[in-house]
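S.K.: Here you go, structure-v5.csv (CSV, C-alpha atoms):
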```csv
chain,number,residue,atom,x,y,z
A,1,MET,CA,0.0,0.0,0.0
A,2,ASP,CA,1.3,3.4,-0.9
A,3,LEU,CA,1.4,5.6,2.2
A,4,SER,CA,3.3,8.5,0.7
A,5,PRO,CA,0.3,10.9,0.7
A,6,ILE,CA,0.1,10.6,4.5
A,7,ALA,CA,3.8,11.0,4.9
A,8,ALA,CA,3.7,14.1,2.7
A,9,VAL,CA,1.4,15.9,5.1
A,10,THR,CA,4.0,18.0,6.8
A,11,ASP,CA,2.7,21.4,5.7
A,12,GLU,CA,2.5,23.9,8.5
A,13,GLY,CA,-1.1,24.9,7.7
A,14,VAL,CA,-2.4,21.4,7.7
A,15,LYS,CA,-0.7,20.8,11.0
A,16,SER,CA,-2.2,23.8,12.7
A,17,ALA,CA,-5.6,23.0,11.3
A,18,GLY,CA,-5.3,19.5,12.8
A,19,LYS,CA,-4.4,21.0,16.2
A,20,ALA,CA,-7.4,23.4,16.0
A,21,ILE,CA,-9.7,20.4,15.1
A,22,ALA,CA,-8.3,18.4,18.0
A,23,LEU,CA,-9.1,21.2,20.4
A,24,GLY,CA,-12.5,22.0,19.0
A,25,VAL,CA,-13.8,18.5,18.4
A,26,GLY,CA,-12.3,17.1,21.6
A,27,ALA,CA,-13.7,19.8,23.9
A,28,GLY,CA,-17.0,20.0,22.0
A,29,LEU,CA,-17.8,16.3,22.0
A,30,GLY,CA,-16.6,15.9,25.6
A,31,SER,CA,-19.0,18.7,26.7
A,32,ILE,CA,-22.0,16.8,25.1
A,33,GLY,CA,-21.4,13.8,27.3
A,34,ALA,CA,-20.8,15.8,30.4
A,35,GLY,CA,-23.8,18.0,29.7
A,36,ILE,CA,-26.1,14.9,29.4
A,37,GLY,CA,-24.6,13.5,32.6
A,38,VAL,CA,-25.1,16.7,34.7
A,39,GLY,CA,-28.6,17.1,33.4
A,40,PHE,CA,-29.3,13.5,34.4
A,41,ILE,CA,-28.0,14.0,37.9
A,42,PHE,CA,-30.1,17.1,38.6
A,43,GLY,CA,-33.2,15.6,36.9
A,44,LYS,CA,-33.0,12.5,39.0
A,45,GLU,CA,-32.4,14.6,42.2
A,46,ILE,CA,-35.5,16.7,41.5
A,47,GLU,CA,-37.4,13.4,41.0
A,48,SER,CA,-36.1,12.0,44.2
A,49,VAL,CA,-37.0,15.1,46.2
A,50,ALA,CA,-40.4,15.2,44.7
A,51,ARG,CA,-41.0,11.6,45.8
A,52,GLN,CA,-39.4,12.0,49.3
A,53,PRO,CA,-39.1,15.6,50.3
A,54,GLU,CA,-37.7,14.7,53.8
A,55,MET,CA,-34.5,13.3,52.1
A,56,LYS,CA,-33.7,16.7,50.6
A,57,SER,CA,-30.8,17.6,52.9
A,58,GLU,CA,-29.1,14.1,52.6
A,59,LEU,CA,-29.4,14.2,48.8
A,60,GLU,CA,-27.8,17.6,48.6
A,61,SER,CA,-24.2,16.5,49.3
A,62,ILE,CA,-24.6,13.5,47.0
A,63,ARG,CA,-25.9,15.8,44.3
A,64,TRP,CA,-22.8,18.0,44.4
A,65,LEU,CA,-20.5,15.0,44.5
A,66,GLY,CA,-22.1,13.6,41.4
A,67,PHE,CA,-22.2,17.0,39.7
A,68,ALA,CA,-18.5,17.6,40.2
A,69,LEU,CA,-17.5,14.1,39.2
A,70,THR,CA,-19.5,14.3,36.0
A,71,GLU,CA,-18.5,17.9,35.2
A,72,ALA,CA,-14.8,17.0,35.4
A,73,VAL,CA,-15.2,14.7,32.4
A,74,ALA,CA,-15.7,17.7,30.2
A,75,PHE,CA,-12.5,19.2,31.5
A,76,TYR,CA,-10.5,16.0,30.9
A,77,THR,CA,-11.2,16.3,27.1
A,78,PHE,CA,-10.6,20.1,27.3
A,79,ILE,CA,-7.2,19.6,28.8
A,80,PHE,CA,-6.2,17.0,26.3
A,81,GLY,CA,-7.4,19.3,23.5
A,82,LEU,CA,-5.2,22.1,25.0
A,83,ILE,CA,-2.2,19.8,25.2
A,84,ALA,CA,-2.7,18.9,21.5
A,85,PHE,CA,-3.1,22.6,20.6
A,86,PHE,CA,-0.3,24.2,22.6
A,87,LEU,CA,2.2,21.6,23.5
A,88,SER,CA,2.5,19.3,20.5
B,1,MET,CA,-42.5,49.2,32.5
B,2,LYS,CA,-43.1,45.5,32.3
B,3,THR,CA,-40.3,43.0,33.1
B,4,ARG,CA,-40.5,41.7,29.5
B,5,THR,CA,-40.0,45.1,28.0
B,6,LYS,CA,-37.0,45.7,30.4
B,7,VAL,CA,-35.4,42.4,29.4
B,8,LEU,CA,-35.9,43.1,25.7
B,9,VAL,CA,-34.5,46.7,26.0
B,10,GLY,CA,-31.5,45.3,27.8
B,11,LEU,CA,-30.8,42.7,25.2
B,12,GLY,CA,-31.3,45.3,22.4
B,13,VAL,CA,-28.7,47.7,24.0
B,14,TYR,CA,-26.3,44.7,24.5
B,15,LEU,CA,-26.6,43.8,20.8
B,16,ALA,CA,-26.5,47.5,19.7
B,17,ILE,CA,-23.2,48.1,21.5
B,18,ALA,CA,-21.7,45.1,19.8
B,19,ILE,CA,-22.9,46.1,16.3
B,20,MET,CA,-21.7,49.7,16.9
B,21,MET,CA,-18.2,48.4,17.9
B,22,LEU,CA,-18.2,46.3,14.7
B,23,LEU,CA,-19.1,49.3,12.6
B,24,ILE,CA,-16.6,51.6,14.3
B,25,PHE,CA,-13.6,49.4,14.8
B,26,GLY,CA,-14.3,46.6,12.2
B,27,ASN,CA,-12.0,43.6,12.0
B,28,ALA,CA,-8.4,44.3,12.9
B,29,GLY,CA,-7.2,40.9,11.7
B,30,LYS,CA,-5.6,38.1,13.7
B,31,ASN,CA,-3.2,39.1,16.4
B,32,GLU,CA,-0.1,36.9,16.3
B,33,SER,CA,1.9,38.6,19.0
B,34,PHE,CA,-0.6,37.9,21.9
B,35,LYS,CA,0.1,34.5,23.4
B,36,PRO,CA,-2.6,33.5,25.9
B,37,GLN,CA,-0.6,30.5,27.1
B,38,ASN,CA,2.0,32.9,28.5
B,39,GLU,CA,-0.4,33.7,31.3
B,40,PHE,CA,0.5,30.3,32.8
B,41,LYS,CA,4.2,30.5,32.0
B,42,LEU,CA,6.3,30.4,35.2
B,43,GLU,CA,9.0,33.0,35.0
B,44,THR,CA,12.0,32.4,37.3
B,45,TRP,CA,12.3,35.1,39.9
B,46,LEU,CA,15.1,33.7,42.0
B,47,SER,CA,17.2,31.0,40.5
B,48,ILE,CA,18.0,28.1,42.8
B,49,HIS,CA,19.7,25.0,41.2
B,50,LEU,CA,20.8,22.0,43.2
B,51,GLY,CA,22.6,19.9,40.7
B,52,SER,CA,20.0,19.0,38.0
B,53,LEU,CA,17.2,19.9,40.4
B,54,ASP,CA,15.4,23.2,39.6
B,55,LEU,CA,14.1,24.7,42.8
B,56,SER,CA,13.7,28.3,41.5
B,57,ILE,CA,11.2,30.6,43.1
B,58,ASN,CA,8.4,31.6,40.7
B,59,LYS,CA,4.8,32.6,40.7
B,60,ALA,CA,3.5,29.2,41.7
B,61,VAL,CA,5.8,29.1,44.7
B,62,LEU,CA,4.4,32.5,45.8
B,63,TYR,CA,0.8,31.2,45.5
B,64,LEU,CA,1.7,28.0,47.3
B,65,LEU,CA,3.2,30.0,50.2
B,66,LEU,CA,0.3,32.4,50.3
B,67,ALA,CA,-2.2,29.6,50.6
B,68,SER,CA,-0.3,27.9,53.3
B,69,VAL,CA,0.3,31.0,55.3
B,70,LEU,CA,-3.4,32.0,55.0
B,71,THR,CA,-4.6,28.6,56.1
B,72,ILE,CA,-2.3,28.4,59.1
B,73,PHE,CA,-2.8,32.0,60.1
B,74,THR,CA,-6.7,31.9,59.8
B,75,MET,CA,-7.1,28.7,61.7
B,76,VAL,CA,-4.7,29.6,64.5
B,77,TRP,CA,-6.1,33.1,64.8
B,78,ILE,CA,-9.7,31.8,65.0
B,79,SER,CA,-8.9,29.1,67.5
B,80,ARG,CA,-7.1,31.7,69.8
B,81,ARG,CA,-10.0,34.1,70.0
B,82,MET,CA,-12.9,31.7,70.2
B,83,ALA,CA,-15.9,33.5,71.9
B,84,GLN,CA,-19.0,32.2,73.5
B,85,LYS,CA,-21.0,34.6,71.3
B,86,PRO,CA,-19.4,34.1,67.8
B,87,ASN,CA,-18.9,37.0,65.4
B,88,ARG,CA,-19.3,36.6,61.7
B,89,VAL,CA,-15.8,35.2,60.8
B,90,GLN,CA,-16.0,32.6,63.6
B,91,THR,CA,-19.5,31.6,62.4
B,92,ALA,CA,-18.2,31.1,58.9
B,93,ILE,CA,-15.2,29.1,60.0
B,94,GLU,CA,-17.5,27.0,62.3
B,95,VAL,CA,-19.7,26.2,59.3
B,96,ALA,CA,-16.7,25.0,57.4
B,97,TYR,CA,-15.4,23.1,60.4
B,98,ASP,CA,-18.7,21.4,60.7
B,99,LEU,CA,-18.7,20.5,57.0
B,100,THR,CA,-15.2,18.9,57.2
B,101,ARG,CA,-15.9,17.1,60.5
B,102,ASN,CA,-19.5,15.8,60.1
B,103,ASN,CA,-20.0,15.7,56.4
B,104,ILE,CA,-16.7,14.9,54.8
B,105,THR,CA,-15.0,12.8,57.5
B,106,GLY,CA,-17.8,11.6,59.7
B,107,GLY,CA,-20.1,10.7,56.7
B,108,ASN,CA,-17.5,8.4,55.0
B,109,LEU,CA,-15.4,6.9,57.8
B,110,ASP,CA,-16.1,4.9,60.9
B,111,PRO,CA,-15.5,6.9,64.2
B,112,ALA,CA,-12.1,5.5,65.0
B,113,THR,CA,-10.6,6.1,61.6
B,114,ALA,CA,-12.4,9.5,61.4
B,115,ALA,CA,-10.8,10.7,64.6
B,116,ARG,CA,-7.3,9.8,63.2
B,117,TRP,CA,-7.8,11.2,59.7
B,118,PHE,CA,-9.9,14.3,60.4
B,119,PRO,CA,-6.9,16.7,60.7
B,120,PHE,CA,-5.5,15.5,57.4
B,121,LEU,CA,-8.8,15.8,55.5
B,122,ALA,CA,-9.6,19.2,57.1
B,123,ALA,CA,-6.2,20.5,56.2
B,124,LEU,CA,-6.6,19.3,52.6
B,125,PHE,CA,-10.0,21.0,52.4
B,126,PHE,CA,-8.9,24.3,53.8
B,127,TRP,CA,-5.6,24.5,51.9
B,128,ILE,CA,-7.3,23.7,48.5
B,129,TRP,CA,-10.1,26.2,49.3
B,130,PHE,CA,-7.7,29.0,50.2
B,131,SER,CA,-5.5,28.2,47.2
B,132,ASN,CA,-8.5,28.3,44.8
B,133,MET,CA,-9.9,31.5,46.3
B,134,ILE,CA,-6.7,33.5,46.2
B,135,GLY,CA,-6.4,32.3,42.6
B,136,PHE,CA,-9.3,34.6,41.7
B,137,LEU,CA,-7.8,37.7,43.3
B,138,PRO,CA,-5.8,39.8,40.9
B,139,LEU,CA,-2.3,40.1,42.3
B,140,PRO,CA,0.7,41.9,40.9
B,141,THR,CA,2.5,38.8,39.7
B,142,ASN,CA,2.8,39.2,35.9
B,143,THR,CA,6.5,40.0,35.6
B,144,GLU,CA,6.4,39.6,31.8
B,145,HIS,CA,4.5,42.9,31.4
B,146,THR,CA,5.2,45.7,33.8
B,147,VAL,CA,3.3,48.9,34.5
B,148,SER,CA,5.2,52.1,35.3
B,149,VAL,CA,3.9,54.0,38.3
B,150,PHE,CA,5.8,57.2,39.1
B,151,GLY,CA,8.9,55.6,37.4
B,152,LEU,CA,8.6,52.5,39.4
B,153,GLN,CA,8.2,49.3,37.4
B,154,ILE,CA,5.6,47.1,39.1
B,155,PRO,CA,4.3,43.9,37.6
B,156,ALA,CA,0.9,43.9,35.9
B,157,PHE,CA,-2.0,42.4,37.8
B,158,ALA,CA,-2.8,38.8,36.9
B,159,ILE,CA,-4.7,35.8,38.2
B,160,TYR,CA,-3.1,32.5,38.8
B,161,ALA,CA,-3.6,29.7,41.2
B,162,ALA,CA,-1.2,27.1,42.6
B,163,THR,CA,-3.8,24.5,41.8
B,164,ALA,CA,-3.9,25.5,38.1
B,165,ASN,CA,-0.5,23.9,37.8
B,166,ILE,CA,-0.5,20.1,37.5
B,167,SER,CA,2.4,19.6,39.8
B,168,ILE,CA,0.6,20.7,43.0
B,169,PRO,CA,-2.6,18.6,42.6
B,170,LEU,CA,-0.4,15.7,41.6
B,171,VAL,CA,1.7,16.0,44.8
B,172,LEU,CA,-1.5,16.2,46.9
B,173,THR,CA,-2.9,13.1,45.0
B,174,LEU,CA,0.3,11.1,45.6
B,175,VAL,CA,0.2,11.9,49.3
B,176,VAL,CA,-3.5,10.7,49.4
B,177,TRP,CA,-2.8,7.7,47.2
B,178,PHE,CA,0.1,6.4,49.4
B,179,SER,CA,-1.6,7.2,52.7
B,180,TYR,CA,-4.8,5.3,51.9
B,181,HIS,CA,-2.8,2.2,50.8
B,182,VAL,CA,-0.7,2.4,54.0
B,183,GLU,CA,-3.8,2.9,56.1
B,184,GLY,CA,-5.4,-0.1,54.4
B,185,ILE,CA,-2.4,-2.4,55.0
B,186,ARG,CA,-2.2,-1.2,58.6
B,187,ALA,CA,-5.9,-1.9,59.2
B,188,LYS,CA,-6.0,-5.3,57.5
B,189,GLY,CA,-2.5,-6.7,57.0
B,190,PHE,CA,-0.5,-6.9,53.8
B,191,ILE,CA,-2.1,-9.9,52.0
B,192,PRO,CA,-5.7,-9.5,53.3
B,193,TYR,CA,-5.6,-5.8,52.1
B,194,PHE,CA,-4.8,-6.8,48.5
B,195,ALA,CA,-7.3,-9.7,48.7
B,196,SER,CA,-9.9,-7.2,49.8
B,197,TRP,CA,-9.6,-5.4,46.4
B,198,LEU,CA,-11.6,-8.3,44.9
B,199,PRO,CA,-15.4,-7.5,45.2
B,200,PRO,CA,-17.4,-10.0,47.4
B,201,GLY,CA,-19.3,-12.8,45.7
B,202,LEU,CA,-16.4,-14.3,43.7
B,203,GLU,CA,-15.8,-17.4,45.9
B,204,GLU,CA,-16.8,-19.8,43.2
B,205,MET,CA,-14.8,-18.2,40.4
B,206,SER,CA,-11.8,-19.9,38.9
B,207,PRO,CA,-8.3,-18.4,39.9
B,208,PHE,CA,-7.9,-17.2,36.3
B,209,GLY,CA,-11.1,-15.1,36.4
B,210,LYS,CA,-10.1,-13.8,39.8
B,211,ALA,CA,-6.7,-12.7,38.5
B,212,ALA,CA,-8.4,-10.9,35.6
B,213,ILE,CA,-10.7,-9.0,38.0
B,214,PHE,CA,-7.7,-8.2,40.2
B,215,ALA,CA,-5.8,-6.8,37.2
B,216,ILE,CA,-8.8,-4.5,36.5
B,217,GLU,CA,-8.8,-3.4,40.2
B,218,VAL,CA,-5.1,-2.6,40.0
B,219,ILE,CA,-5.7,-0.4,36.9
B,220,SER,CA,-8.6,1.3,38.7
B,221,HIS,CA,-6.4,2.2,41.6
B,222,PHE,CA,-3.8,3.7,39.3
B,223,VAL,CA,-6.5,5.6,37.3
B,224,ARG,CA,-7.4,7.3,40.6
B,225,LEU,CA,-4.0,9.0,40.5
B,226,ILE,CA,-4.9,10.7,37.2
B,227,SER,CA,-8.6,11.4,37.8
B,228,LEU,CA,-8.1,12.9,41.3
B,229,SER,CA,-5.3,15.2,40.2
B,230,VAL,CA,-6.5,16.2,36.8
B,231,ARG,CA,-10.0,16.9,38.1
B,232,LEU,CA,-8.8,19.7,40.4
B,233,PHE,CA,-6.2,21.0,38.0
B,234,ALA,CA,-8.5,21.0,34.9
B,235,ASN,CA,-11.3,22.7,36.8
B,236,ILE,CA,-9.2,25.6,38.0
B,237,LEU,CA,-7.2,25.9,34.8
B,238,ALA,CA,-10.4,25.9,32.6
B,239,GLY,CA,-11.9,28.5,35.0
B,240,HIS,CA,-8.9,30.8,34.6
B,241,LEU,CA,-8.8,30.3,30.8
B,242,LEU,CA,-12.6,31.1,30.5
B,243,LEU,CA,-12.1,34.3,32.5
B,244,LEU,CA,-9.1,35.2,30.3
B,245,PHE,CA,-10.8,34.6,27.0
B,246,MET,CA,-14.2,36.1,28.0
B,247,GLY,CA,-12.6,39.1,29.7
B,248,GLY,CA,-11.1,40.3,26.4
B,249,GLY,CA,-8.5,37.7,25.4
B,250,LEU,CA,-10.7,36.3,22.6
B,251,ALA,CA,-11.3,39.8,21.2
B,252,VAL,CA,-7.6,40.6,21.2
B,253,LEU,CA,-6.6,37.3,19.7
B,254,LEU,CA,-9.1,37.6,16.8
B,255,GLY,CA,-8.9,41.4,16.5
B,256,ILE,CA,-12.7,41.8,16.6
B,257,ALA,CA,-13.8,44.5,19.1
B,258,ALA,CA,-17.5,43.6,18.8
B,259,LEU,CA,-16.7,40.1,20.2
B,260,GLY,CA,-15.3,41.8,23.3
B,261,ALA,CA,-18.5,43.7,23.9
B,262,LEU,CA,-20.5,40.4,23.7
B,263,THR,CA,-18.2,38.3,25.9
B,264,PHE,CA,-17.2,40.9,28.6
B,265,PRO,CA,-20.5,40.6,30.6
B,266,LEU,CA,-20.1,36.8,30.4
B,267,ALA,CA,-16.8,37.1,32.2
B,268,PHE,CA,-18.6,38.5,35.3
B,269,ALA,CA,-21.1,35.6,35.2
B,270,PHE,CA,-18.3,33.0,35.0
B,271,PHE,CA,-16.4,34.8,37.7
B,272,ILE,CA,-19.4,34.5,40.0
B,273,PHE,CA,-19.8,30.8,39.0
B,274,GLU,CA,-16.1,30.0,39.7
B,275,VAL,CA,-15.8,31.9,43.0
B,276,GLY,CA,-19.3,30.9,44.3
B,277,LEU,CA,-19.4,27.3,43.3
B,278,VAL,CA,-16.3,25.7,41.6
B,279,ALA,CA,-13.6,26.8,44.1
B,280,THR,CA,-15.5,25.5,47.1
B,281,LEU,CA,-16.9,22.4,45.3
B,282,GLN,CA,-13.5,21.2,44.1
B,283,ALA,CA,-12.0,21.5,47.6
B,284,PHE,CA,-15.0,19.6,48.9
B,285,ILE,CA,-14.8,16.9,46.2
B,286,PHE,CA,-11.0,16.4,46.7
B,287,SER,CA,-11.3,15.8,50.4
B,288,THR,CA,-14.6,13.8,50.1
B,289,LEU,CA,-13.0,11.4,47.6
B,290,THR,CA,-9.9,11.1,49.9
B,291,ALA,CA,-12.3,10.1,52.7
B,292,ILE,CA,-14.1,7.7,50.5
B,293,TYR,CA,-10.8,6.1,49.4
B,294,ILE,CA,-9.5,5.8,53.0
B,295,GLY,CA,-12.9,4.4,54.0
B,296,GLY,CA,-12.8,1.9,51.2
B,297,ALA,CA,-9.4,0.8,52.1
B,298,THR,CA,-10.1,0.3,55.8
B,299,SER,CA,-13.7,-0.9,56.0
B,300,ALA,CA,-14.3,-4.6,56.4
B,301,SER,CA,-17.0,-5.2,53.8
B,302,HIS,CA,-15.0,-4.3,50.7
```
Transcribe the structure of this file into structure tokens.

M.R.:
Amino acid sequence: MDLSPIAAVTDEGVKSAGKAIALGVGAGLGSIGAGIGVGFIFGKEIESVARQPEMKSELESIRWLGFALTEAVAFYTFIFGLIAFFLS
Amino acid sequence: MKTRTKVLVGLGVYLAIAIMMLLIFGNAGKNESFKPQNEFKLETWLSIHLGSLDLSINKAVLYLLLASVLTIFTMVWISRRMAQKPNRVQTAIEVAYDLTRNNITGGNLDPATAARWFPFLAALFFWIWFSNMIGFLPLPTNTEHTVSVFGLQIPAFAIYAATANISIPLVLTLVVWFSYHVEGIRAKGFIPYFASWLPPGLEEMSPFGKAAIFAIEVISHFVRLISLSVRLFANILAGHLLLLFMGGGLAVLLGIAALGALTFPLAFAFFIFEVGLVATLQAFIFSTLTAIYIGGATSASH
């Protein structure tokens, strides 16, 4: 198989375009997943409080724990996008 | 005036300013000399080299010292002047103390372990909280650009946080990671501790299957190193980058003044979000997860 077209892609413009795509697509797609997750957590919490209002104070700390754990996923992709953009 | 009219007028003015800026200033073209990543570059202030070890004093060291001094000073000061009728500062610290004692430590550990590990977890919480909070105060630390005041060159104001540098969350995570393993071995013994990594209910499984699950558990313990450190680091770094870009960095980088008019109010919203929620939440998450890891290593069931 002839791989020379791939090897020939050393042009500076193509390289920087690839970096920008890595940052944009990485951070963008990562945010979709984290957004769905955070929405799910708050939705379920509202549902639980509506069912059992006396559990509200106990659910609060679990909610923030779940929120921060899920939200961090968006930042993982963002950081790896930044590494691709600035450090490679 | 109705609320709806007010909101519509406000939005109209907001858009009109942006369009006016676009008409007046237009598009200045891309700015190549502005490098936003330099905001996080650590310039050496005082060079200290021990062999190949670089121990130079820079911006991150200053923030590290500031956070430590603030934590120690506040806690000692409050504990020295405890009053029967607390004033505002004491009430605030008491709320935070209650959070670390009953919620973070007491909620995840059994009483004997909680009593032993409470100082560590509370120190983690308060140190990370102070470090995150002073990260949002503009301090004169940007030595790359200086401002001349009556002939005196003072560094420009900049925001930076010790926790926005991967080294510091990584060191905290390494301390946590080793201490929960050591605590687990101390509580259960060397072999039983590693045996306890296997989830219960696998008694009838073949040794081969058990080894496979053990390998997965080993990986999950190492992934904790990355997830715990990168979570704190990425949250604070992303917050600072958002403030930088929304507060004008994006407009300067792309050379479009109208974009600055649109994004500048968002910088305030993000600032409130970061200071009000993320800074405290990340300190809470870090110490809660530490408590959960120590609890998982020492509890008998798993």

S.K.: Restrict the calculation to all atoms listed in the file, then for each residue of chain B with any atom at most 7 Å from an atom of chain A give the closest atom pair and their distance in Å to one decimal, rows by chain and rising residue number, as JSON lines.

M.R.:
```
{"residue": "B:Arg231", "atom": "CA", "partner": "A:Ala72", "partner_atom": "CA", "distance": 5.5}
{"residue": "B:Ala234", "atom": "CA", "partner": "A:Phe75", "partner_atom": "CA", "distance": 5.5}
{"residue": "B:Asn235", "atom": "CA", "partner": "A:Phe75", "partner_atom": "CA", "distance": 6.5}
{"residue": "B:Ile285", "atom": "CA", "partner": "A:Leu65", "partner_atom": "CA", "distance": 6.2}
```

S.K.: Using Å and a single decimal, report how far CA of Phe270 in chain B sits from CA of Phe40 in chain B.

M.R.: 19.1 Å

S.K.: Would you compute the distance between CA of Ala84 in chain A and CA of Gly24 in chain A? Give it in Å to one decimal.

M.R.: 10.6 Å

S.K.: Give me, please, the distance in Å between CA of Trp45 in chain B and CA of Thr141 in chain B, quoted to one decimal.

M.R.: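 One can read the CA of Trp45 in chain B to CA of Thr141 in chain B distance as 10.5 Å.
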
S.K.: Kindly provide, as AutoDock Vina command-line options, the centre and edge lengths (Å, one decimal) of an axis-aligned box around all atoms of range 88-106 of chain B given in the file, with 3 Å on each side.

M.R.:
```
--center_x -17.5 --center_y 24.1 --center_z 59.2 --size_x 11.0 --size_y 31.0 --size_z 14.8
```

S.K.: Could I see range 37-60 of chain A restored to N, CA and C atoms, set down as a PDB file, in the coordinates of the input?

M.R.:
```
ATOM      1  N   GLY A  37     -24.787  14.103  31.263  1.00  0.00           N
ATOM      2  CA  GLY A  37     -24.600  13.500  32.600  1.00  0.00           C
ATOM      3  C   GLY A  37     -25.070  14.460  33.695  1.00  0.00           C
ATOM      4  N   VAL A  38     -24.679  15.737  33.613  1.00  0.00           N
ATOM      5  CA  VAL A  38     -25.100  16.700  34.700  1.00  0.00           C
ATOM      6  C   VAL A  38     -26.570  16.897  34.662  1.00  0.00           C
ATOM      7  N   GLY A  39     -27.166  16.962  33.473  1.00  0.00           N
ATOM      8  CA  GLY A  39     -28.600  17.100  33.400  1.00  0.00           C
ATOM      9  C   GLY A  39     -29.323  15.913  34.030  1.00  0.00           C
ATOM     10  N   PHE A  40     -28.769  14.733  33.796  1.00  0.00           N
ATOM     11  CA  PHE A  40     -29.300  13.500  34.400  1.00  0.00           C
ATOM     12  C   PHE A  40     -29.320  13.556  35.873  1.00  0.00           C
ATOM     13  N   ILE A  41     -28.166  13.995  36.441  1.00  0.00           N
ATOM     14  CA  ILE A  41     -28.000  14.000  37.900  1.00  0.00           C
ATOM     15  C   ILE A  41     -29.048  14.964  38.519  1.00  0.00           C
ATOM     16  N   PHE A  42     -29.154  16.188  37.974  1.00  0.00           N
ATOM     17  CA  PHE A  42     -30.100  17.100  38.600  1.00  0.00           C
ATOM     18  C   PHE A  42     -31.523  16.708  38.346  1.00  0.00           C
ATOM     19  N   GLY A  43     -31.805  16.123  37.169  1.00  0.00           N
ATOM     20  CA  GLY A  43     -33.200  15.600  36.900  1.00  0.00           C
ATOM     21  C   GLY A  43     -33.572  14.565  37.896  1.00  0.00           C
ATOM     22  N   LYS A  44     -32.660  13.600  38.114  1.00  0.00           N
ATOM     23  CA  LYS A  44     -33.000  12.500  39.000  1.00  0.00           C
ATOM     24  C   LYS A  44     -33.096  13.021  40.468  1.00  0.00           C
ATOM     25  N   GLU A  45     -32.296  14.043  40.806  1.00  0.00           N
ATOM     26  CA  GLU A  45     -32.400  14.600  42.200  1.00  0.00           C
ATOM     27  C   GLU A  45     -33.711  15.270  42.389  1.00  0.00           C
ATOM     28  N   ILE A  46     -34.173  16.007  41.379  1.00  0.00           N
ATOM     29  CA  ILE A  46     -35.500  16.700  41.500  1.00  0.00           C
ATOM     30  C   ILE A  46     -36.572  15.596  41.654  1.00  0.00           C
ATOM     31  N   GLU A  47     -36.445  14.531  40.877  1.00  0.00           N
ATOM     32  CA  GLU A  47     -37.400  13.400  41.000  1.00  0.00           C
ATOM     33  C   GLU A  47     -37.433  12.826  42.351  1.00  0.00           C
ATOM     34  N   SER A  48     -36.221  12.606  42.894  1.00  0.00           N
ATOM     35  CA  SER A  48     -36.100  12.000  44.200  1.00  0.00           C
ATOM     36  C   SER A  48     -36.729  12.889  45.286  1.00  0.00           C
ATOM     37  N   VAL A  49     -36.433  14.205  45.206  1.00  0.00           N
ATOM     38  CA  VAL A  49     -37.000  15.100  46.200  1.00  0.00           C
ATOM     39  C   VAL A  49     -38.482  15.226  46.085  1.00  0.00           C
ATOM     40  N   ALA A  50     -38.983  15.150  44.842  1.00  0.00           N
ATOM     41  CA  ALA A  50     -40.400  15.200  44.700  1.00  0.00           C
ATOM     42  C   ALA A  50     -41.090  13.971  45.285  1.00  0.00           C
ATOM     43  N   ARG A  51     -40.420  12.809  45.220  1.00  0.00           N
ATOM     44  CA  ARG A  51     -41.000  11.600  45.800  1.00  0.00           C
ATOM     45  C   ARG A  51     -40.855  11.626  47.336  1.00  0.00           C
ATOM     46  N   GLN A  52     -39.668  12.018  47.822  1.00  0.00           N
ATOM     47  CA  GLN A  52     -39.400  12.000  49.300  1.00  0.00           C
ATOM     48  C   GLN A  52     -38.800  13.302  49.711  1.00  0.00           C
ATOM     49  N   PRO A  53     -39.630  14.328  49.957  1.00  0.00           N
ATOM     50  CA  PRO A  53     -39.100  15.600  50.300  1.00  0.00           C
ATOM     51  C   PRO A  53     -38.250  15.634  51.592  1.00  0.00           C
ATOM     52  N   GLU A  54     -38.476  14.665  52.498  1.00  0.00           N
ATOM     53  CA  GLU A  54     -37.700  14.700  53.800  1.00  0.00           C
ATOM     54  C   GLU A  54     -36.268  14.231  53.538  1.00  0.00           C
ATOM     55  N   MET A  55     -35.926  13.684  52.365  1.00  0.00           N
ATOM     56  CA  MET A  55     -34.500  13.300  52.100  1.00  0.00           C
ATOM     57  C   MET A  55     -33.711  14.416  51.496  1.00  0.00           C
ATOM     58  N   LYS A  56     -34.300  15.616  51.378  1.00  0.00           N
ATOM     59  CA  LYS A  56     -33.700  16.700  50.600  1.00  0.00           C
ATOM     60  C   LYS A  56     -32.239  17.016  51.096  1.00  0.00           C
ATOM     61  N   SER A  57     -32.069  17.139  52.435  1.00  0.00           N
ATOM     62  CA  SER A  57     -30.800  17.600  52.900  1.00  0.00           C
ATOM     63  C   SER A  57     -29.704  16.469  52.706  1.00  0.00           C
ATOM     64  N   GLU A  58     -30.118  15.202  52.780  1.00  0.00           N
ATOM     65  CA  GLU A  58     -29.100  14.100  52.600  1.00  0.00           C
ATOM     66  C   GLU A  58     -28.752  14.025  51.092  1.00  0.00           C
ATOM     67  N   LEU A  59     -29.726  14.310  50.212  1.00  0.00           N
ATOM     68  CA  LEU A  59     -29.400  14.200  48.800  1.00  0.00           C
ATOM     69  C   LEU A  59     -28.538  15.324  48.300  1.00  0.00           C
ATOM     70  N   GLU A  60     -28.540  16.446  49.053  1.00  0.00           N
ATOM     71  CA  GLU A  60     -27.800  17.600  48.600  1.00  0.00           C
ATOM     72  C   GLU A  60     -26.322  17.357  48.380  1.00  0.00           C
TER      73      GLU A  60
END
```
